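Enquirer: I am sharing work-v5.cif, which consists of mmCIF, C-alpha atoms:
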data_start
loop_
_atom_site.group_PDB
_atom_site.id
_atom_site.type_symbol
_atom_site.label_atom_id
_atom_site.label_comp_id
_atom_site.auth_asym_id
_atom_site.auth_seq_id
_atom_site.Cartn_x
_atom_site.Cartn_y
_atom_site.Cartn_z
ATOM 1 C CA SER A 104 3.252 3.137 -4.832
ATOM 2 C CA GLY A 105 0.019 4.251 -6.477
ATOM 3 C CA VAL A 106 1.072 7.889 -6.637
ATOM 4 C CA TYR A 107 4.520 6.922 -7.914
ATOM 5 C CA LEU A 108 3.134 4.588 -10.573
ATOM 6 C CA PHE A 109 0.159 6.567 -11.798
ATOM 7 C CA ALA A 110 1.038 10.252 -11.379
ATOM 8 C CA PRO A 111 3.018 10.390 -14.649
ATOM 9 C CA GLU A 112 0.229 8.707 -16.606
ATOM 10 C CA PHE A 113 -2.412 10.928 -14.987
ATOM 11 C CA ILE A 114 -0.417 14.098 -15.709
ATOM 12 C CA ALA A 115 0.175 12.987 -19.313
ATOM 13 C CA ILE A 116 -3.581 12.522 -19.803
ATOM 14 C CA TRP A 117 -4.536 15.657 -17.877
ATOM 15 C CA ILE A 118 -2.142 18.371 -19.113
ATOM 16 C CA GLY A 119 0.318 16.667 -21.459
ATOM 17 C CA VAL A 120 3.474 14.574 -21.561
ATOM 18 C CA GLU A 121 5.741 17.640 -21.406
ATOM 19 C CA TYR A 122 4.643 18.244 -17.785
ATOM 20 C CA VAL A 123 5.504 14.776 -16.472
ATOM 21 C CA LEU A 124 8.104 14.943 -13.682
ATOM 22 C CA ASP A 125 11.347 12.994 -13.912
ATOM 23 C CA GLU A 126 11.706 9.841 -11.803
ATOM 24 C CA MET A 127 13.949 11.359 -9.102
ATOM 25 C CA THR A 128 11.689 14.369 -8.520
ATOM 26 C CA LEU A 129 8.660 12.112 -8.316
ATOM 27 C CA LEU A 130 10.402 9.723 -5.906
ATOM 28 C CA ILE A 131 11.401 12.561 -3.566
ATOM 29 C CA LEU A 132 7.874 14.033 -3.683
ATOM 30 C CA VAL A 133 6.286 10.638 -2.965
ATOM 31 C CA SER A 134 8.680 10.070 -0.049
ATOM 32 C CA SER A 135 7.775 13.475 1.362
ATOM 33 C CA LEU A 136 4.082 12.696 0.893
ATOM 34 C CA TYR A 137 4.517 9.399 2.765
ATOM 35 C CA ILE A 138 6.093 11.188 5.729
ATOM 36 C CA ALA A 139 3.412 13.882 5.734
ATOM 37 C CA LEU A 140 0.641 11.265 5.716
ATOM 38 C CA SER A 141 2.215 8.995 8.313
ATOM 39 C CA ARG A 142 3.050 11.684 10.860
ATOM 40 C CA SER A 143 -0.485 12.024 12.188
ATOM 41 C CA THR A 144 -0.296 9.018 14.524
ATOM 42 C CA VAL A 145 2.669 10.313 16.496
ATOM 43 C CA ASP A 146 1.282 13.871 16.428
ATOM 44 C CA ALA A 147 -2.073 12.650 17.760
ATOM 45 C CA PHE A 148 -0.428 10.879 20.695
ATOM 46 C CA ILE A 149 1.753 13.902 21.418
ATOM 47 C CA ALA A 150 -1.378 16.062 21.522
ATOM 48 C CA ALA A 151 -3.281 13.500 23.621
ATOM 49 C CA TYR A 152 -0.500 13.419 26.205
ATOM 50 C CA GLY A 153 -0.336 17.218 26.186
ATOM 51 C CA LEU A 154 3.340 17.262 25.252
ATOM 52 C CA TYR A 155 3.477 20.858 24.080
ATOM 53 C CA ASP A 156 6.891 21.603 25.608
ATOM 54 C CA ASP A 157 8.679 20.780 22.367
ATOM 55 C CA VAL A 158 8.189 24.170 20.717
ATOM 56 C CA TRP A 159 11.636 24.054 19.165
ATOM 57 C CA ALA A 160 10.941 21.106 16.834
ATOM 58 C CA PRO A 161 9.118 23.144 14.146
ATOM 59 C CA ILE A 162 11.758 25.858 14.337
ATOM 60 C CA ILE A 163 14.578 23.331 14.000
ATOM 61 C CA GLU A 164 12.743 21.651 11.125
ATOM 62 C CA ALA A 165 12.350 25.009 9.352
ATOM 63 C CA VAL A 166 16.025 25.920 9.861
ATOM 64 C CA ILE A 167 17.200 22.520 8.573
ATOM 65 C CA ASN A 168 14.727 22.706 5.687
ATOM 66 C CA ILE A 169 15.730 26.195 4.548
ATOM 67 C CA SER A 170 19.466 25.672 5.079
ATOM 68 C CA LEU A 171 19.648 22.351 3.280
ATOM 69 C CA SER A 172 17.291 23.491 0.525
ATOM 70 C CA ILE A 173 19.520 26.476 -0.219
ATOM 71 C CA VAL A 174 22.779 24.506 -0.122
ATOM 72 C CA LEU A 175 21.536 21.406 -1.932
ATOM 73 C CA GLY A 176 19.485 23.526 -4.344
ATOM 74 C CA TYR A 177 22.643 25.379 -5.333
ATOM 75 C CA PHE A 178 24.391 22.126 -6.242
ATOM 76 C CA PHE A 179 21.506 19.945 -7.455
ATOM 77 C CA GLY A 180 18.738 22.341 -8.489
ATOM 78 C CA LEU A 181 15.153 21.243 -7.897
ATOM 79 C CA HIS A 182 16.252 17.835 -6.608
ATOM 80 C CA GLY A 183 18.396 19.538 -3.978
ATOM 81 C CA VAL A 184 15.581 21.799 -2.803
ATOM 82 C CA LEU A 185 13.233 18.841 -2.489
ATOM 83 C CA LEU A 186 15.919 16.787 -0.734
ATOM 84 C CA GLY A 187 16.334 19.598 1.804
ATOM 85 C CA VAL A 188 12.635 19.337 2.620
ATOM 86 C CA LEU A 189 12.781 15.530 2.797
ATOM 87 C CA ILE A 190 15.860 15.443 5.044
ATOM 88 C CA SER A 191 14.315 17.928 7.486
ATOM 89 C CA GLN A 192 11.142 15.826 7.602
ATOM 90 C CA VAL A 193 13.093 12.628 8.235
ATOM 91 C CA LEU A 194 15.168 14.164 11.031
ATOM 92 C CA VAL A 195 12.332 15.899 12.871
ATOM 93 C CA ILE A 196 9.161 13.967 12.026
ATOM 94 C CA LEU A 197 10.464 10.414 11.720
ATOM 95 C CA CYS A 198 13.321 10.610 14.209
ATOM 96 C CA TRP A 199 12.785 13.320 16.833
ATOM 97 C CA LYS A 200 8.993 13.283 17.324
ATOM 98 C CA PRO A 201 8.814 9.532 18.188
ATOM 99 C CA VAL A 202 11.772 9.937 20.578
ATOM 100 C CA TRP A 203 9.947 12.826 22.270
ATOM 101 C CA LEU A 204 6.699 10.850 22.504
ATOM 102 C CA PHE A 205 8.223 7.640 23.809
ATOM 103 C CA SER A 206 10.492 9.294 26.364
ATOM 104 C CA ASN A 207 8.031 11.918 27.668
ATOM 105 C CA GLY A 208 4.618 10.390 26.968
ATOM 106 C CA PHE A 209 4.738 6.626 26.988
ATOM 107 C CA ASN A 210 7.838 6.414 29.203
ATOM 108 C CA ILE A 211 8.902 3.218 27.438
ATOM 109 C CA SER A 212 11.788 2.235 25.225
ATOM 110 C CA LEU A 213 11.841 3.576 21.703
ATOM 111 C CA ARG A 214 12.953 0.123 20.554
ATOM 112 C CA SER A 215 9.362 -1.165 20.340
ATOM 113 C CA TYR A 216 8.365 1.708 18.037
ATOM 114 C CA ILE A 217 11.400 1.179 15.816
ATOM 115 C CA TRP A 218 10.735 -2.571 15.561
ATOM 116 C CA MET A 219 7.052 -2.001 14.739
ATOM 117 C CA TYR A 220 7.967 0.634 12.143
ATOM 118 C CA VAL A 221 10.596 -1.624 10.541
ATOM 119 C CA LYS A 222 8.055 -4.468 10.267
ATOM 120 C CA HIS A 223 5.542 -2.160 8.587
ATOM 121 C CA ILE A 224 8.191 -0.825 6.190
ATOM 122 C CA ILE A 225 9.181 -4.401 5.258
ATOM 123 C CA VAL A 226 5.543 -5.295 4.580
ATOM 124 C CA GLY A 227 5.123 -2.104 2.563
ATOM 125 C CA ILE A 228 8.216 -2.780 0.463
ATOM 126 C CA PHE A 229 7.142 -6.376 -0.113
ATOM 127 C CA ALA A 230 3.650 -5.248 -1.164
ATOM 128 C CA TRP A 231 5.131 -2.567 -3.414
ATOM 129 C CA VAL A 232 7.430 -5.070 -5.142
ATOM 130 C CA ILE A 233 4.512 -7.465 -5.699
ATOM 131 C CA SER A 234 2.287 -4.672 -7.030
ATOM 132 C CA LEU A 235 5.092 -3.458 -9.344
ATOM 133 C CA TYR A 236 5.470 -6.979 -10.665
ATOM 134 C CA PHE A 237 1.764 -7.252 -11.420
ATOM 135 C CA TYR A 238 1.664 -3.695 -12.743
ATOM 136 C CA ASN A 239 4.386 -4.535 -15.279
ATOM 137 C CA LEU A 240 2.693 -7.844 -16.061
ATOM 138 C CA LEU A 241 -0.834 -6.492 -16.557
ATOM 139 C CA LYS A 242 -0.280 -2.875 -17.579
ATOM 140 C CA ILE A 243 -1.754 -1.431 -20.729
ATOM 141 C CA ASP A 244 0.801 0.869 -22.397
ATOM 142 C CA GLU A 245 -1.824 3.009 -24.099
ATOM 143 C CA VAL A 246 -2.190 6.500 -22.608
ATOM 144 C CA SER A 247 -5.916 6.871 -22.066
ATOM 145 C CA LEU A 248 -8.338 7.276 -19.213
ATOM 146 C CA GLN A 249 -9.547 3.680 -19.611
ATOM 147 C CA SER A 250 -6.026 2.236 -19.446
ATOM 148 C CA LEU A 251 -5.226 4.407 -16.428
ATOM 149 C CA PHE A 252 -8.363 3.139 -14.695
ATOM 150 C CA PHE A 253 -7.515 -0.509 -15.476
ATOM 151 C CA ASN A 254 -3.885 -0.083 -14.365
ATOM 152 C CA VAL A 255 -4.932 1.582 -11.094
ATOM 153 C CA ILE A 256 -7.568 -1.035 -10.274
ATOM 154 C CA SER A 257 -5.319 -4.011 -11.036
ATOM 155 C CA SER A 258 -2.160 -2.728 -9.308
ATOM 156 C CA CYS A 259 -3.730 -1.026 -6.308
ATOM 157 C CA GLY A 260 -6.057 -3.965 -5.724
ATOM 158 C CA ILE A 261 -3.086 -6.297 -5.504
ATOM 159 C CA LEU A 262 -1.216 -3.782 -3.323
ATOM 160 C CA PHE A 263 -4.197 -3.494 -0.964
ATOM 161 C CA ILE A 264 -4.493 -7.276 -0.662
ATOM 162 C CA MET A 265 -0.757 -7.694 0.033
ATOM 163 C CA LEU A 266 -0.712 -4.871 2.608
ATOM 164 C CA SER A 267 -3.819 -6.235 4.313
ATOM 165 C CA ILE A 268 -2.310 -9.707 4.599
ATOM 166 C CA GLY A 269 1.016 -8.313 5.823
ATOM 167 C CA ILE A 270 -0.544 -6.091 8.458
ATOM 168 C CA PHE A 271 -2.814 -8.948 9.560
ATOM 169 C CA ILE A 272 0.258 -11.133 10.067
ATOM 170 C CA ILE A 273 2.087 -8.401 11.988
ATOM 171 C CA ASN A 274 -0.895 -7.696 14.235
ATOM 172 C CA HIS A 275 -1.329 -11.373 15.060
ATOM 173 C CA LYS A 276 2.303 -11.738 16.116
ATOM 174 C CA VAL A 277 3.074 -14.421 13.528
ATOM 175 C CA ILE A 278 6.251 -12.576 12.554
ATOM 176 C CA ASP A 279 7.449 -12.352 16.166
ATOM 177 C CA ARG A 280 7.509 -16.126 16.654
#
Written as structure tokens, that's how I'd like the structure from this file.

Expert:
Amino acid sequence: SGVYLFAPEFIAIWIGVEYVLDEMTLLILVSSLYIALSRSTVDAFIAAYGLYDDVWAPIIEAVINISLSIVLGYFFGLHGVLLGVLISQVLVILCWKPVWLFSNGFNISLRSYIWMYVKHIIVGIFAWVISLYFYNLLKIDEVSLQSLFFNVISSCGILFIMLSIGIFIINHKVIDR
């Protein structure tokens, strides 16, 4: 949520308001960034188990990415190109890679991964909603480096606290009871 909330303000301060991305472009880019940052756990386990047989996944991802980017880009412009990238990431990185890991590495049901991921997404959404509330409550509308700093500290601090509490609860099985 920090990138989504503060990228426009940072860009406005850095190079000017005329370079601020529209909301949809920013949302797609932040979603793609989330997937890129969260993929390392599954990739690390795949590497640790030596599951290098899946050489087709990057090729399939590239084909889906290019195909959808061309088709969706034709109809929706930049949003379509970015959606092509995002859809290919969702299908291969978020869907296929965990299936590959759980069926060939862990040899356990994928259901446990999905349930864990859903719980973390719920905590993340809850923390994001709380941080958005406090961001709108405390934000300084002035476009300056000082206001950006204050807005980041207040919103991200609240987000960090909410995520920490949520993950603590998940890891101590309070939600499962």

Enquirer: Taking the file as shown, what set of residues would the PyMOL selection byres ((chain A and resi 196-210) around 9) give back, as a PyMOL selection string?

Expert: chain A and resi 138-139+142+145-146+148-149+152-154+157+160+164+191-195+211-213+216

Enquirer: Using the chain letters and numbers from the file, give me the residues hit by the PyMOL selection byres ((chain A and resi 241-253) around 9), as a list in words.

Expert: Phe109, Glu112, Phe113, Ala115, Ile116, Tyr236, Phe237, Tyr238, Asn239, Leu240, Asn254, Val255, Ile256, Ser257 and Ser258 of chain A

Enquirer: I need the residue set behind the PyMOL selection byres ((chain A and resi 188) around 12) for this file; please write it as a PyMOL selection string.

Expert: chain A and resi 131-132+134-136+138-139+164-176+181-187+189-196

Enquirer: Write to file, as a JSON list (two decimals), keeping the file's coordinate frame, the residues of the selection just made, with C-alpha atoms.

Expert:
[["chain", "number", "residue", "atom", "x", "y", "z"],
["A", 131, "ILE", "CA", 11.40, 12.56, -3.57],
["A", 132, "LEU", "CA", 7.87, 14.03, -3.68],
["A", 134, "SER", "CA", 8.68, 10.07, -0.05],
["A", 135, "SER", "CA", 7.78, 13.48, 1.36],
["A", 136, "LEU", "CA", 4.08, 12.70, 0.89],
["A", 138, "ILE", "CA", 6.09, 11.19, 5.73],
["A", 139, "ALA", "CA", 3.41, 13.88, 5.73],
["A", 164, "GLU", "CA", 12.74, 21.65, 11.12],
["A", 165, "ALA", "CA", 12.35, 25.01, 9.35],
["A", 166, "VAL", "CA", 16.02, 25.92, 9.86],
["A", 167, "ILE", "CA", 17.20, 22.52, 8.57],
["A", 168, "ASN", "CA", 14.73, 22.71, 5.69],
["A", 169, "ILE", "CA", 15.73, 26.20, 4.55],
["A", 170, "SER", "CA", 19.47, 25.67, 5.08],
["A", 171, "LEU", "CA", 19.65, 22.35, 3.28],
["A", 172, "SER", "CA", 17.29, 23.49, 0.52],
["A", 173, "ILE", "CA", 19.52, 26.48, -0.22],
["A", 174, "VAL", "CA", 22.78, 24.51, -0.12],
["A", 175, "LEU", "CA", 21.54, 21.41, -1.93],
["A", 176, "GLY", "CA", 19.48, 23.53, -4.34],
["A", 181, "LEU", "CA", 15.15, 21.24, -7.90],
["A", 182, "HIS", "CA", 16.25, 17.84, -6.61],
["A", 183, "GLY", "CA", 18.40, 19.54, -3.98],
["A", 184, "VAL", "CA", 15.58, 21.80, -2.80],
["A", 185, "LEU", "CA", 13.23, 18.84, -2.49],
["A", 186, "LEU", "CA", 15.92, 16.79, -0.73],
["A", 187, "GLY", "CA", 16.33, 19.60, 1.80],
["A", 189, "LEU", "CA", 12.78, 15.53, 2.80],
["A", 190, "ILE", "CA", 15.86, 15.44, 5.04],
["A", 191, "SER", "CA", 14.32, 17.93, 7.49],
["A", 192, "GLN", "CA", 11.14, 15.83, 7.60],
["A", 193, "VAL", "CA", 13.09, 12.63, 8.24],
["A", 194, "LEU", "CA", 15.17, 14.16, 11.03],
["A", 195, "VAL", "CA", 12.33, 15.90, 12.87],
["A", 196, "ILE", "CA", 9.16, 13.97, 12.03]]

Enquirer: I'd like the interatomic distance between atom CA of Met127 of chain A and atom CA of Phe179 of chain A, to a tenth of an Å.

Expert: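 Result for atom CA of Met127 of chain A versus atom CA of Phe179 of chain A: 11.6 Å, one decimal.
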
Enquirer: What does the structure give for the distance between atom CA of Tyr122 of chain A and atom CA of Gly105 of chain A, in Å to one decimal?

Expert: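 A separation of 18.6 Å between them.
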
Enquirer: Edge lengths and centre in Å to one decimal, as AutoDock Vina command-line options, is what I'm after for the box along x, y and z that holds all listed atoms of segment 209-222 of chain A once 6 Å is added on each side.

Expert:
--center_x 8.8 --center_y 1.1 --center_z 19.7 --size_x 20.2 --size_y 23.1 --size_z 30.9

Enquirer: Given the choices A:Val120, A:Val158, A:Ile264, A:Leu129, which gets closest to Val106 of chain A if the distance is worked out from only C-alpha atoms?

Expert: A:Leu129

Enquirer: Near Ser104 of chain A, counting all atoms listed in the file, which residues have an atom at most 9 Å away, once you skip same-chain residues fewer than 2 positions from it, shown as a ChimeraX atom specification?

Expert: /A:106-109,133,231,234-235,259,262

Enquirer: What's around Phe229 of chain A at 9 Å? Count all atoms listed in the file, leave out sequence neighbours fewer than 6 positions away in its own chain, and write the answer as a list of chain:residue names.

Expert: A:Met265, A:Leu266, A:Gly269

Enquirer: Atom CA of Phe178 of chain A and atom CA of Asp125 of chain A, how far apart in Å?

Expert: 17.7 Å

Enquirer: Choose the residue, out of A:Val232, A:Ile224, A:Ile272, A:Ala150, that has the smallest atom-to-atom separation from Tyr137 of chain A; count only C-alpha atoms.

Expert: A:Ile224

Enquirer: Write segment 251-268 of chain A as a PDB file, in the frame of the given file, completed to N, CA, C and O atoms.

Expert:
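Now in out11.pdb:
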ATOM      1  N   LEU A 251      -5.603   3.943 -17.765  1.00  0.00           N
ATOM      2  CA  LEU A 251      -5.226   4.407 -16.428  1.00  0.00           C
ATOM      3  C   LEU A 251      -6.126   3.760 -15.375  1.00  0.00           C
ATOM      4  O   LEU A 251      -5.646   3.261 -14.359  1.00  0.00           O
ATOM      5  N   PHE A 252      -7.412   3.743 -15.624  1.00  0.00           N
ATOM      6  CA  PHE A 252      -8.363   3.139 -14.695  1.00  0.00           C
ATOM      7  C   PHE A 252      -8.054   1.659 -14.492  1.00  0.00           C
ATOM      8  O   PHE A 252      -7.990   1.174 -13.361  1.00  0.00           O
ATOM      9  N   PHE A 253      -7.825   0.915 -15.572  1.00  0.00           N
ATOM     10  CA  PHE A 253      -7.515  -0.509 -15.476  1.00  0.00           C
ATOM     11  C   PHE A 253      -6.209  -0.723 -14.704  1.00  0.00           C
ATOM     12  O   PHE A 253      -6.129  -1.587 -13.825  1.00  0.00           O
ATOM     13  N   ASN A 254      -5.179   0.061 -15.036  1.00  0.00           N
ATOM     14  CA  ASN A 254      -3.885  -0.083 -14.365  1.00  0.00           C
ATOM     15  C   ASN A 254      -3.996   0.207 -12.867  1.00  0.00           C
ATOM     16  O   ASN A 254      -3.407  -0.487 -12.045  1.00  0.00           O
ATOM     17  N   VAL A 255      -4.761   1.230 -12.508  1.00  0.00           N
ATOM     18  CA  VAL A 255      -4.932   1.582 -11.094  1.00  0.00           C
ATOM     19  C   VAL A 255      -5.668   0.468 -10.355  1.00  0.00           C
ATOM     20  O   VAL A 255      -5.250   0.036  -9.282  1.00  0.00           O
ATOM     21  N   ILE A 256      -6.769   0.005 -10.933  1.00  0.00           N
ATOM     22  CA  ILE A 256      -7.568  -1.035 -10.274  1.00  0.00           C
ATOM     23  C   ILE A 256      -6.753  -2.314 -10.094  1.00  0.00           C
ATOM     24  O   ILE A 256      -6.729  -2.904  -9.006  1.00  0.00           O
ATOM     25  N   SER A 257      -6.057  -2.748 -11.136  1.00  0.00           N
ATOM     26  CA  SER A 257      -5.319  -4.011 -11.036  1.00  0.00           C
ATOM     27  C   SER A 257      -4.144  -3.900 -10.066  1.00  0.00           C
ATOM     28  O   SER A 257      -3.971  -4.750  -9.198  1.00  0.00           O
ATOM     29  N   SER A 258      -3.347  -2.849 -10.162  1.00  0.00           N
ATOM     30  CA  SER A 258      -2.160  -2.728  -9.308  1.00  0.00           C
ATOM     31  C   SER A 258      -2.507  -2.387  -7.869  1.00  0.00           C
ATOM     32  O   SER A 258      -1.965  -2.973  -6.940  1.00  0.00           O
ATOM     33  N   CYS A 259      -3.389  -1.434  -7.678  1.00  0.00           N
ATOM     34  CA  CYS A 259      -3.730  -1.026  -6.308  1.00  0.00           C
ATOM     35  C   CYS A 259      -4.544  -2.098  -5.596  1.00  0.00           C
ATOM     36  O   CYS A 259      -4.442  -2.232  -4.379  1.00  0.00           O
ATOM     37  N   GLY A 260      -5.326  -2.857  -6.333  1.00  0.00           N
ATOM     38  CA  GLY A 260      -6.057  -3.965  -5.724  1.00  0.00           C
ATOM     39  C   GLY A 260      -5.106  -5.000  -5.177  1.00  0.00           C
ATOM     40  O   GLY A 260      -5.257  -5.478  -4.044  1.00  0.00           O
ATOM     41  N   ILE A 261      -4.087  -5.333  -5.947  1.00  0.00           N
ATOM     42  CA  ILE A 261      -3.086  -6.297  -5.504  1.00  0.00           C
ATOM     43  C   ILE A 261      -2.297  -5.723  -4.334  1.00  0.00           C
ATOM     44  O   ILE A 261      -2.036  -6.412  -3.345  1.00  0.00           O
ATOM     45  N   LEU A 262      -1.936  -4.432  -4.413  1.00  0.00           N
ATOM     46  CA  LEU A 262      -1.216  -3.782  -3.323  1.00  0.00           C
ATOM     47  C   LEU A 262      -2.042  -3.811  -2.042  1.00  0.00           C
ATOM     48  O   LEU A 262      -1.532  -4.123  -0.964  1.00  0.00           O
ATOM     49  N   PHE A 263      -3.323  -3.491  -2.136  1.00  0.00           N
ATOM     50  CA  PHE A 263      -4.197  -3.494  -0.964  1.00  0.00           C
ATOM     51  C   PHE A 263      -4.274  -4.882  -0.337  1.00  0.00           C
ATOM     52  O   PHE A 263      -4.184  -5.028   0.881  1.00  0.00           O
ATOM     53  N   ILE A 264      -4.418  -5.898  -1.170  1.00  0.00           N
ATOM     54  CA  ILE A 264      -4.493  -7.276  -0.662  1.00  0.00           C
ATOM     55  C   ILE A 264      -3.194  -7.652   0.050  1.00  0.00           C
ATOM     56  O   ILE A 264      -3.210  -8.189   1.161  1.00  0.00           O
ATOM     57  N   MET A 265      -2.044  -7.341  -0.569  1.00  0.00           N
ATOM     58  CA  MET A 265      -0.757  -7.694   0.033  1.00  0.00           C
ATOM     59  C   MET A 265      -0.524  -6.937   1.345  1.00  0.00           C
ATOM     60  O   MET A 265      -0.052  -7.510   2.321  1.00  0.00           O
ATOM     61  N   LEU A 266      -0.865  -5.639   1.372  1.00  0.00           N
ATOM     62  CA  LEU A 266      -0.712  -4.871   2.608  1.00  0.00           C
ATOM     63  C   LEU A 266      -1.638  -5.390   3.700  1.00  0.00           C
ATOM     64  O   LEU A 266      -1.248  -5.489   4.868  1.00  0.00           O
ATOM     65  N   SER A 267      -2.865  -5.722   3.331  1.00  0.00           N
ATOM     66  CA  SER A 267      -3.819  -6.235   4.313  1.00  0.00           C
ATOM     67  C   SER A 267      -3.327  -7.534   4.929  1.00  0.00           C
ATOM     68  O   SER A 267      -3.382  -7.721   6.149  1.00  0.00           O
ATOM     69  N   ILE A 268      -2.836  -8.434   4.095  1.00  0.00           N
ATOM     70  CA  ILE A 268      -2.310  -9.707   4.599  1.00  0.00           C
ATOM     71  C   ILE A 268      -1.098  -9.466   5.493  1.00  0.00           C
ATOM     72  O   ILE A 268      -0.987 -10.032   6.579  1.00  0.00           O
TER      73      ILE A 268
END
